[in-house]
4 protein chains.
Amino acid sequence: MNLGSDNLAGASPKIMAALALAAQDTQNPYGQDDLSIAARAALNRVFEARAEIFFVATGTAANALALAQISKPWSAIFCHATAHINEAEAGAPESLTGGAKIVGIEGADGKINVAGLKAAAGRFRKGWQPHVQPAALSLSQVTECGTLYQQGELAALCAFAHEQGLKVHLDGARFANALVALGCTPAELSWKAGVDVLCLGATKDGAMACEAIMFFNPAHAAEFTWRVKRAGHVLSKGRLLGAQMLAWLDQDHWLDLARHANAMAAHLQQGLCEIAGVERAWPVEANEIFVWLPAAVQQRLRAAGITYASWPTLGTGFTDRPPHEGVFARFVTSFATTPDMIKTLLRVAK
Amino acid sequence: MNLGSDNLAGASPKIMAALALAAQDTQNPYGQDDLSIAARAALNRVFEARAEIFFVATGTAANALALAQISKPWSAIFCHATAHINEAEAGAPESLTGGAKIVGIEGADGKINVAGLKAAAGRFRKGWQPHVQPAALSLSQVTECGTLYQQGELAALCAFAHEQGLKVHLDGARFANALVALGCTPAELSWKAGVDVLCLGATKDGAMACEAIMFFNPAHAAEFTWRVKRAGHVLSKGRLLGAQMLAWLDQDHWLDLARHANAMAAHLQQGLCEIAGVERAWPVEANEIFVWLPAAVQQRLRAAGITYASWPTLGTGFTDRPPHEGVFARFVTSFATTPDMIKTLLRVAK
Amino acid sequence: MNLGSDNLAGASPKIMAALALAAQDTQNPYGQDDLSIAARAALNRVFEARAEIFFVATGTAANALALAQISKPWSAIFCHATAHINEAEAGAPESLTGGAKIVGIEGADGKINVAGLKAAAGRFRKGWQPHVQPAALSLSQVTECGTLYQQGELAALCAFAHEQGLKVHLDGARFANALVALGCTPAELSWKAGVDVLCLGATKDGAMACEAIMFFNPAHAAEFTWRVKRAGHVLSKGRLLGAQMLAWLDQDHWLDLARHANAMAAHLQQGLCEIAGVERAWPVEANEIFVWLPAAVQQRLRAAGITYASWPTLGTGFTDRPPHEGVFARFVTSFATTPDMIKTLLRVAK
Amino acid sequence: MNLGSDNLAGASPKIMAALALAAQDTQNPYGQDDLSIAARAALNRVFEARAEIFFVATGTAANALALAQISKPWSAIFCHATAHINEAEAGAPESLTGGAKIVGIEGADGKINVAGLKAAAGRFRKGWQPHVQPAALSLSQVTECGTLYQQGELAALCAFAHEQGLKVHLDGARFANALVALGCTPAELSWKAGVDVLCLGATKDGAMACEAIMFFNPAHAAEFTWRVKRAGHVLSKGRLLGAQMLAWLDQDHWLDLARHANAMAAHLQQGLCEIAGVERAWPVEANEIFVWLPAAVQQRLRAAGITYASWPTLGTGFTDRPPHEGVFARFVTSFATTPDMIKTLLRVAK
């Protein structure tokens, strides 16, 4: 059993069945197939939007291309210091933006607040040649610490960003998990809150490889098609992406998958926190759990072949607490996590 | 019926079945899953090689990343003027190399010859600061004109390139079609002929989205992993690629698929050339057919809903012949083309 | 004596005196000094324009930055095959544009004509994702072959370019030489003819290092200041550039210097062409002379220590004539070339 | 009077005289002129080195190109949070490296220490694909706070960096000021301490525009010439740079100029600190002074037309002290600052 990430799971049978079906006929290439066209329409329906939508196979590509589109090479892009774009994409945003500056901002629980953003933005003088120029705010929902921006927090950040002339990007690798946790509509958690471009990840929520880039203002997408193409991200048989997205959205499949993952996480965190010596780093609000594990627990899990992600950097660098004994561990549940797995894990750990 | 390209077909049932199976268990992410590992081993077995191998989802990414790895931003990369990297990737090679110069070379039948390469390379003074510096030769096998480099031609070009200090890249989007047409071993048509890095395409030969980048000299692959990552081309669930590749290679499935496509093309071209006024542009050596179609044929096909690719640029720009009446058309057969489809097409056309 | 290029000369005493004076007081940095401000005003006066103007120290920087500003990374930029930006800047335009495609067009006497441009542009399908998109036409005046676009030729090319949605860049490394040869006003040979951005070179016409980038439509210069800065081209003590430009323009100094250089070239070419076996490649219309020199002449010049540029590529690749015996040579006169030098050269050569 | 920066001064008469002389004859272009060749030899003599040396016209270009040469696009480059490359070059290092990550490290008095570097470097896992890979340490000597690394501090940082596989870049925009303050030899303060590449600035120390990039290990400079060229930084008349450098080094002119500037700063800071309410932010070790000025002092200076740099960001962001009343001001003395100017300034301020 390995609960180190939600990208260790495979894909939901419903999505795979749709894919098999999609492989059987003739379709236009490069995203002009019937399935991709239908998937874009479905997304706009679900989001009550008229967005320009593009599909790519990885979240890194989605984020980096979206950011490139709303910035210039001489831009500053603000994000939380722990953000995936800042910490875990090997500089893809710097690469695809042509060298924009990703500026990490500290903030409790993996979240930026308006004061932090204001201070960071204030360090760059507008119109001053030696300074890169603020262009975008990138937020992660779910955050890298497994926490959530409440709708109001999101709206306040977007409002301030817009005041400053920044566009807002939302890294929604786990957007579905946030959605079901907060009980909002997709629109409320994106464009109605002020998000300009959403990278909506299906991959971690039961698809094999599918991310949508949604520009809620179509004008922001001008010429984006070439940006995607020349990064090598236009799939020849685009139906691979369209078919997944369609099946994922169909009959709230995406929400069901996310609801399941969140429920498993809630169950797991409750059990873990009852174990002596286990200490939770941040509130568990979606499907990620960060805890310090005592050495004994650690050994018992290892002996049973139960794996999680060891995350020393995050543990020491991004919390105010003193370094702990034991390991700083991340558990992530997915659509494929079963109640039995949680039961087993907790039994072993105790 | 649409025979405009081999990327209009879906994927072979065998490959899709493998994919469905691959979706069911827990696997490491980022290409370290069991299937990708096995696929790399299988490729090395089939190619009698010890190559460093990476999988990506698009041919454009494979080509551009491979070229970036064997060049510098101040390099010249030689290819045929019609090459996909020069004409049809929206500048992805320029983008991912950091601005290298793609130098198109003319040559009959879509092929470069040694004299042409020598003349092109001779225009750049080695070590002279104002000149970009020759670094790589990129060949396409099958060429963009549907023709083939014989093994000897390939070897001669590679030998000359190596003499000049160039590394050789092979765009093998239709490598399998070339292989079965020429009756060589994979090794003979790649590293034994002098190819340094092969972009081996499965997508056009029955897979959904899978390309392998094979560095036959592992030293050439140093740090390549970051190049792929920061272009956003490392799939989170890498099994998507590994599973396809494994099934594609299994029991010569890839060769069977290509053999079928080539046979369909041979059948089609024979029939087309018997029609009065149809003129073939280049020898049909794999699965692509380029012909001038008289207006009457064109109308009959259109009326029957039979589609092909109209290719005016290639028709007038890359052959010595005078412009023809009628349309310059490309037909491409695939694993999914049936004898009945060919029969119907020919019946309508006549 | 070395007449291989006009960049072998130093700088005019008047310009150096202005520079010495400029070194003596306190001035704002980064191009906001009094001299740069005055130089921008003077240029606008001389060109009857309201251009946004930037100064840089090299022609390569001027060209590459200007082109980057009027294109996108996925653009095609058209120029003559022999253009400096295509042949002699080590890929700087590709670098600073983020990988745009420089498309060389053949044309007699180093000049593009409308038909050639039309054919080249026609090869790129507008709005089609696999194709880079035409964005700019770059012309050189004086051309790399030492010839000139007549005002009407220039206007026709600009008109066609604008029809096609292209912006027009003029590489004016020897603009002053063209101006005095054609007897136009600066405005007639730039914005009135349709040029959008002019790179006006003072360096080859008697300055030490000074090039102006003039955007005749100020809207085209938006955010250009950061483009210049992040390429490292904003001089700390910007007066270095402003002082040169001011002195260069003062009392038609720039035109006097160019007139002298052109006169020397006319004198030299006349004498050379009287020598048996010397054959001129192209009309000598400014300050550059391209000729085939018989071996005997070559030896006599070498023995006397008289140097020119040997230019084998240009000689064989860009003229229709059969390869010649002897060397293909370029002579370039400058403000510093004296009648005595010409006399000596001709006496030795005969 | 404006003491906001040392780039507001002009250039020393000796250097300007050398420049005027250099303008008078025929020289090879592109840095192959006699003066540049002699200047490279002189630098190697003065530094007791066999460095590969390149001249450019701006410090931003020198830094960004040097960093690009010792890193990859997927590298992390460490520097102090206040470093010029991080704060004041509009992203030029990101641009010319192809998107490397500049990682700012906090540290007292504008200096990094080994513990800080260790902590920063420790956040990147070596060989781990999602992480950019540490490649270089960039130090500024004089620092942006006007302080100095002692020779031992420098050596310790370089030693640790080398242990970690990092190359060391020194931004020596004010290297001469550091040298005379510390009483070291040039070698001791560069390669003997472990510096791999030094950007030696003459511009702020009495030249007009001249920076040397010195690779102490010539192997590190491989192909650097094209990097410089395609950034547009190879001057056509390279003598402009060579002549300045030669004159600057001649008979310790550079050290005399720096000694004078430092002396003026010492004089000024002493006087300022005697004024009630003036508080110094950091030790004044070279030619830069950072102080909080009471409102009254501020008004008196303004009334007298005496200007300095107001530096609010640095004042609040990079010191531990609480925000002060009044303005946070930077005074920088130069070769052109006179004792009379200091006297006047102090008389007014008091």
# chains A, B, ... in the order shown; residues from 1 in each chain; ligands from 1
$ interface_residues --of "chain C" --to "chain D" --cutoff "7 Å" --atoms "only C-alpha atoms" --output "VMD selection string"
chain C and resid 7 to 11 16 20 23 to 29 58 60 to 61 89 to 92 95 208 to 209 226 229 to 233 235 to 237 240
$ residues_around --residues "Ser71 in chain B" --least-positions-apart "4" --cutoff "8 Å" --atoms "only C-alpha atoms" --output "PDB file with C-alpha atoms, in the first residue's frame"
ATOM      1  CA  LEU B  67      17.197  18.228 -30.944  1.00  0.00           C
ATOM      2  CA  SER B  75      23.602  25.742 -33.390  1.00  0.00           C
ATOM      3  CA  ILE B  77      20.398  21.982 -37.368  1.00  0.00           C
ATOM      4  CA  THR B  97      16.382  24.559 -28.319  1.00  0.00           C
ATOM      5  CA  ALA B 100      18.723  27.227 -32.761  1.00  0.00           C
ATOM      6  CA  ALA B 135      25.533  20.712 -34.602  1.00  0.00           C
ATOM      7  CA  ALA B 136      23.010  18.233 -35.916  1.00  0.00           C
TER       8      ALA B 136
END
$ select_by_dssp --residues "range 65-230 of chain C" --states "helix (DSSP H, G or I)" --output "PyMOL selection string"
chain C and resi 65-69+84-87+92-97+108-110+114-122+151-163+175-182+191-193+203-205+218-221+224-230
$ atom_distance --atom1 "CA of Ile342 in chain B" --atom2 "CA of Ala261 in chain B"
11.4 Å
$ residues_around --residues "Ile112 in chain B" --least-positions-apart "2" --cutoff "9 Å" --atoms "only C-alpha atoms" --output "PyMOL selection string"
chain B and resi 79-81+105-110+114-117+139+157
$ residues_around --residues "range 36-45 of chain D" --least-positions-apart "2" --cutoff "7 Å" --atoms "only C-alpha atoms" --output "list in words"
Gly31, Gln32, Asp33, Asp34, Phe47, Glu48, Ala49, Arg50, Ala51, Ile53, Gly238, Arg239, Leu241, Gly242, Ala243, Met245 and Leu246 of chain D
$ write_last_selection --atoms "all heavy atoms" --output "short mmCIF file (atom, residue, chain, number, x, y, z; two decimals), in the first residue's frame"
data_model
loop_
_atom_site.label_atom_id
_atom_site.label_comp_id
_atom_site.auth_asym_id
_atom_site.auth_seq_id
_atom_site.Cartn_x
_atom_site.Cartn_y
_atom_site.Cartn_z
N GLY D 31 36.48 42.84 -30.90
CA GLY D 31 37.33 42.48 -29.76
C GLY D 31 38.68 41.90 -30.13
O GLY D 31 39.43 41.48 -29.26
N GLN D 32 39.00 41.91 -31.44
CA GLN D 32 40.31 41.41 -31.85
C GLN D 32 41.28 42.55 -32.13
O GLN D 32 42.33 42.35 -32.74
CB GLN D 32 40.18 40.48 -33.06
CG GLN D 32 39.32 39.25 -32.79
CD GLN D 32 39.69 38.55 -31.49
OE1 GLN D 32 40.86 38.24 -31.25
NE2 GLN D 32 38.72 38.34 -30.61
N ASP D 33 40.96 43.73 -31.68
CA ASP D 33 41.84 44.89 -31.85
C ASP D 33 43.01 44.83 -30.88
O ASP D 33 42.96 44.13 -29.87
CB ASP D 33 41.02 46.16 -31.59
CG ASP D 33 40.45 46.17 -30.19
OD1 ASP D 33 39.42 45.49 -29.95
OD2 ASP D 33 41.03 46.84 -29.30
N ASP D 34 44.05 45.59 -31.19
CA ASP D 34 45.27 45.57 -30.37
C ASP D 34 45.00 45.97 -28.93
O ASP D 34 45.61 45.45 -27.99
CB ASP D 34 46.31 46.55 -30.95
CG ASP D 34 46.77 46.11 -32.33
OD1 ASP D 34 46.57 44.93 -32.70
OD2 ASP D 34 47.31 46.97 -33.05
N PHE D 47 46.00 40.22 -12.27
CA PHE D 47 45.34 39.18 -11.47
C PHE D 47 46.21 37.94 -11.32
O PHE D 47 45.75 36.93 -10.75
CB PHE D 47 43.99 38.79 -12.10
CG PHE D 47 42.87 39.71 -11.71
CD1 PHE D 47 42.68 40.93 -12.35
CD2 PHE D 47 42.00 39.38 -10.66
CE1 PHE D 47 41.65 41.79 -11.98
CE2 PHE D 47 40.97 40.24 -10.28
CZ PHE D 47 40.80 41.45 -10.94
N GLU D 48 47.43 37.97 -11.83
CA GLU D 48 48.32 36.79 -11.79
C GLU D 48 47.57 35.56 -12.28
O GLU D 48 47.59 34.50 -11.64
CB GLU D 48 48.82 36.54 -10.37
CG GLU D 48 49.45 37.76 -9.70
CD GLU D 48 49.60 37.54 -8.18
OE1 GLU D 48 50.26 36.57 -7.81
OE2 GLU D 48 49.00 38.33 -7.40
N ALA D 49 46.90 35.70 -13.40
CA ALA D 49 45.98 34.65 -13.86
C ALA D 49 46.21 34.32 -15.32
O ALA D 49 46.98 34.99 -16.03
CB ALA D 49 44.54 35.12 -13.67
N ARG D 50 45.56 33.26 -15.77
CA ARG D 50 45.52 32.94 -17.20
C ARG D 50 44.06 32.80 -17.60
O ARG D 50 43.65 31.81 -18.21
CB ARG D 50 46.29 31.65 -17.46
CG ARG D 50 47.69 31.69 -16.87
CD ARG D 50 48.50 30.47 -17.19
NE ARG D 50 48.77 30.38 -18.61
CZ ARG D 50 49.76 29.66 -19.13
NH1 ARG D 50 50.57 28.97 -18.33
NH2 ARG D 50 49.94 29.60 -20.43
N ALA D 51 43.32 33.78 -17.24
CA ALA D 51 41.87 33.74 -17.46
C ALA D 51 41.50 33.95 -18.92
O ALA D 51 42.24 34.57 -19.67
CB ALA D 51 41.20 34.82 -16.60
N ILE D 53 39.08 36.07 -21.02
CA ILE D 53 38.49 37.37 -20.67
C ILE D 53 37.66 37.93 -21.83
O ILE D 53 38.09 37.89 -22.98
CB ILE D 53 39.60 38.37 -20.28
CG1 ILE D 53 40.40 37.82 -19.09
CG2 ILE D 53 39.00 39.74 -19.96
CD1 ILE D 53 41.64 38.61 -18.76
N GLY D 238 35.43 47.03 -31.00
CA GLY D 238 35.71 46.55 -29.65
C GLY D 238 36.73 47.38 -28.91
O GLY D 238 36.81 47.31 -27.68
N ARG D 239 37.48 48.14 -29.65
CA ARG D 239 38.49 49.00 -29.01
C ARG D 239 37.87 49.93 -27.98
O ARG D 239 38.56 50.38 -27.07
CB ARG D 239 39.20 49.82 -30.08
CG ARG D 239 38.32 50.89 -30.67
CD ARG D 239 39.00 51.70 -31.75
NE ARG D 239 38.91 51.00 -33.02
CZ ARG D 239 39.42 51.50 -34.14
NH1 ARG D 239 40.07 52.67 -34.12
NH2 ARG D 239 39.30 50.85 -35.28
N LEU D 241 35.99 49.25 -25.66
CA LEU D 241 36.11 48.60 -24.36
C LEU D 241 37.58 48.39 -24.00
O LEU D 241 38.00 48.67 -22.87
CB LEU D 241 35.35 47.28 -24.37
CG LEU D 241 33.86 47.41 -24.75
CD1 LEU D 241 33.22 46.03 -24.89
CD2 LEU D 241 33.10 48.25 -23.75
N GLY D 242 38.35 47.92 -24.95
CA GLY D 242 39.76 47.64 -24.67
C GLY D 242 40.51 48.89 -24.24
O GLY D 242 41.33 48.84 -23.31
N ALA D 243 40.25 49.99 -24.90
CA ALA D 243 40.97 51.23 -24.59
C ALA D 243 40.66 51.69 -23.17
O ALA D 243 41.56 52.12 -22.43
CB ALA D 243 40.58 52.32 -25.60
N MET D 245 39.67 49.83 -20.63
CA MET D 245 40.23 48.91 -19.65
C MET D 245 41.74 49.11 -19.49
O MET D 245 42.26 49.12 -18.37
CB MET D 245 39.91 47.47 -20.09
CG MET D 245 40.35 46.38 -19.14
SD MET D 245 39.79 46.55 -17.40
CE MET D 245 38.04 46.19 -17.54
N LEU D 246 42.41 49.31 -20.61
CA LEU D 246 43.86 49.51 -20.55
C LEU D 246 44.22 50.75 -19.74
O LEU D 246 45.12 50.72 -18.88
CB LEU D 246 44.42 49.68 -21.96
CG LEU D 246 45.12 48.48 -22.61
CD1 LEU D 246 45.77 48.93 -23.90
CD2 LEU D 246 46.15 47.86 -21.67
#
$ atom_distance --atom1 "CA of Val195 in chain B" --atom2 "CA of His169 in chain B"
6.2 Å
$ residues_around --residues "Met341 in chain B" --least-positions-apart "4" --cutoff "12 Å" --atoms "only C-alpha atoms" --output "number ranges by chain"
B: 1-3, 264-265, 267-268, 306-307, 333-334, 336-337, 345-348
$ write_last_selection --atoms "N, CA, C and O atoms" --output "PDB file, in the first residue's frame"
ATOM      1  N   MET B   1     -15.330   8.576 -45.072  1.00  0.00           N
ATOM      2  CA  MET B   1     -13.955   8.037 -45.106  1.00  0.00           C
ATOM      3  C   MET B   1     -12.966   9.193 -45.237  1.00  0.00           C
ATOM      4  O   MET B   1     -13.154  10.056 -46.073  1.00  0.00           O
ATOM      5  N   ASN B   2     -11.960   9.218 -44.383  1.00  0.00           N
ATOM      6  CA  ASN B   2     -10.975  10.292 -44.431  1.00  0.00           C
ATOM      7  C   ASN B   2      -9.579   9.685 -44.413  1.00  0.00           C
ATOM      8  O   ASN B   2      -9.151   9.115 -43.406  1.00  0.00           O
ATOM      9  N   LEU B   3      -8.871   9.804 -45.533  1.00  0.00           N
ATOM     10  CA  LEU B   3      -7.509   9.249 -45.600  1.00  0.00           C
ATOM     11  C   LEU B   3      -6.465  10.365 -45.634  1.00  0.00           C
ATOM     12  O   LEU B   3      -5.376  10.209 -46.165  1.00  0.00           O
ATOM     13  N   MET B 264      -2.002  -1.488 -47.695  1.00  0.00           N
ATOM     14  CA  MET B 264      -3.162  -0.719 -48.141  1.00  0.00           C
ATOM     15  C   MET B 264      -2.720   0.410 -49.077  1.00  0.00           C
ATOM     16  O   MET B 264      -3.381   0.706 -50.082  1.00  0.00           O
ATOM     17  N   ALA B 265      -1.591   1.028 -48.749  1.00  0.00           N
ATOM     18  CA  ALA B 265      -1.100   2.127 -49.590  1.00  0.00           C
ATOM     19  C   ALA B 265      -0.691   1.624 -50.969  1.00  0.00           C
ATOM     20  O   ALA B 265      -0.968   2.270 -51.996  1.00  0.00           O
ATOM     21  N   HIS B 267      -1.826  -0.931 -52.555  1.00  0.00           N
ATOM     22  CA  HIS B 267      -3.072  -1.239 -53.237  1.00  0.00           C
ATOM     23  C   HIS B 267      -3.720   0.051 -53.771  1.00  0.00           C
ATOM     24  O   HIS B 267      -4.109   0.138 -54.949  1.00  0.00           O
ATOM     25  N   LEU B 268      -3.796   1.026 -52.934  1.00  0.00           N
ATOM     26  CA  LEU B 268      -4.451   2.276 -53.305  1.00  0.00           C
ATOM     27  C   LEU B 268      -3.706   2.985 -54.440  1.00  0.00           C
ATOM     28  O   LEU B 268      -4.308   3.466 -55.394  1.00  0.00           O
ATOM     29  N   ILE B 306     -15.554  11.249 -49.464  1.00  0.00           N
ATOM     30  CA  ILE B 306     -14.218  10.670 -49.248  1.00  0.00           C
ATOM     31  C   ILE B 306     -13.203  11.805 -49.194  1.00  0.00           C
ATOM     32  O   ILE B 306     -13.092  12.600 -50.123  1.00  0.00           O
ATOM     33  N   THR B 307     -12.497  11.865 -48.111  1.00  0.00           N
ATOM     34  CA  THR B 307     -11.633  13.014 -47.845  1.00  0.00           C
ATOM     35  C   THR B 307     -10.160  12.607 -47.886  1.00  0.00           C
ATOM     36  O   THR B 307      -9.792  11.496 -47.526  1.00  0.00           O
ATOM     37  N   THR B 333      -2.556   5.833 -45.483  1.00  0.00           N
ATOM     38  CA  THR B 333      -3.259   4.674 -44.936  1.00  0.00           C
ATOM     39  C   THR B 333      -2.737   4.382 -43.533  1.00  0.00           C
ATOM     40  O   THR B 333      -1.646   4.806 -43.164  1.00  0.00           O
ATOM     41  N   SER B 334      -3.555   3.652 -42.781  1.00  0.00           N
ATOM     42  CA  SER B 334      -3.151   3.361 -41.406  1.00  0.00           C
ATOM     43  C   SER B 334      -3.506   1.920 -41.064  1.00  0.00           C
ATOM     44  O   SER B 334      -4.050   1.188 -41.893  1.00  0.00           O
ATOM     45  N   ALA B 336      -5.868   1.077 -39.500  1.00  0.00           N
ATOM     46  CA  ALA B 336      -7.325   0.956 -39.476  1.00  0.00           C
ATOM     47  C   ALA B 336      -7.949   1.012 -40.865  1.00  0.00           C
ATOM     48  O   ALA B 336      -9.166   0.903 -41.001  1.00  0.00           O
ATOM     49  N   THR B 337      -7.119   1.222 -41.872  1.00  0.00           N
ATOM     50  CA  THR B 337      -7.644   1.249 -43.241  1.00  0.00           C
ATOM     51  C   THR B 337      -7.971  -0.195 -43.669  1.00  0.00           C
ATOM     52  O   THR B 337      -7.156  -1.095 -43.477  1.00  0.00           O
ATOM     53  N   LEU B 345     -13.077   3.513 -52.404  1.00  0.00           N
ATOM     54  CA  LEU B 345     -12.434   4.740 -52.876  1.00  0.00           C
ATOM     55  C   LEU B 345     -12.119   4.642 -54.370  1.00  0.00           C
ATOM     56  O   LEU B 345     -12.421   5.555 -55.148  1.00  0.00           O
ATOM     57  N   LEU B 346     -11.537   3.533 -54.767  1.00  0.00           N
ATOM     58  CA  LEU B 346     -11.130   3.388 -56.163  1.00  0.00           C
ATOM     59  C   LEU B 346     -12.352   3.307 -57.093  1.00  0.00           C
ATOM     60  O   LEU B 346     -12.338   3.852 -58.195  1.00  0.00           O
ATOM     61  N   ARG B 347     -13.384   2.650 -56.612  1.00  0.00           N
ATOM     62  CA  ARG B 347     -14.591   2.533 -57.437  1.00  0.00           C
ATOM     63  C   ARG B 347     -15.186   3.932 -57.684  1.00  0.00           C
ATOM     64  O   ARG B 347     -15.561   4.280 -58.797  1.00  0.00           O
ATOM     65  N   VAL B 348     -15.219   4.718 -56.623  1.00  0.00           N
ATOM     66  CA  VAL B 348     -15.760   6.067 -56.755  1.00  0.00           C
ATOM     67  C   VAL B 348     -14.888   6.925 -57.675  1.00  0.00           C
ATOM     68  O   VAL B 348     -15.381   7.669 -58.527  1.00  0.00           O
TER      69      VAL B 348
END
$ atom_distance --atom1 "CA of Ala68 in chain D" --atom2 "CA of Phe224 in chain B"
17.8 Å
$ residues_around --residues "Glu285 in chain D" --least-positions-apart "2" --cutoff "10 Å" --atoms "only C-alpha atoms" --output "ChimeraX atom specification"
/D:142-143,145-149,177-178,181-182,262,265-266,282-283,287-289
$ write_last_selection --atoms "C-alpha atoms" --output "PDB file, in the first residue's frame"
ATOM      1  CA  VAL D 142      31.025  45.269  -2.520  1.00  0.00           C
ATOM      2  CA  THR D 143      27.581  44.026  -1.404  1.00  0.00           C
ATOM      3  CA  CYS D 145      24.501  47.168   1.441  1.00  0.00           C
ATOM      4  CA  GLY D 146      27.916  48.684   0.983  1.00  0.00           C
ATOM      5  CA  THR D 147      29.587  46.036   3.110  1.00  0.00           C
ATOM      6  CA  LEU D 148      32.465  43.691   2.324  1.00  0.00           C
ATOM      7  CA  TYR D 149      33.173  40.012   2.479  1.00  0.00           C
ATOM      8  CA  ASN D 177      36.459  49.668  -4.024  1.00  0.00           C
ATOM      9  CA  ALA D 178      36.556  46.380  -2.156  1.00  0.00           C
ATOM     10  CA  ALA D 181      39.413  48.742   1.334  1.00  0.00           C
ATOM     11  CA  LEU D 182      40.609  45.247   2.165  1.00  0.00           C
ATOM     12  CA  ASN D 262      36.225  55.285  -0.489  1.00  0.00           C
ATOM     13  CA  ALA D 265      32.602  58.002   1.726  1.00  0.00           C
ATOM     14  CA  ALA D 266      34.464  57.667   4.994  1.00  0.00           C
ATOM     15  CA  TRP D 282      25.169  49.068   7.956  1.00  0.00           C
ATOM     16  CA  PRO D 283      28.891  49.543   8.382  1.00  0.00           C
ATOM     17  CA  ASN D 287      31.884  53.881  -1.095  1.00  0.00           C
ATOM     18  CA  GLU D 288      28.238  53.401  -0.155  1.00  0.00           C
ATOM     19  CA  ILE D 289      26.418  54.843   2.837  1.00  0.00           C
TER      20      ILE D 289
END
$ select_by_dssp --residues "range 188-318 of chain A" --states "strand (DSSP E)" --output "ChimeraX atom specification"
/A:197-201,211-215,279-280,288-293,309-310
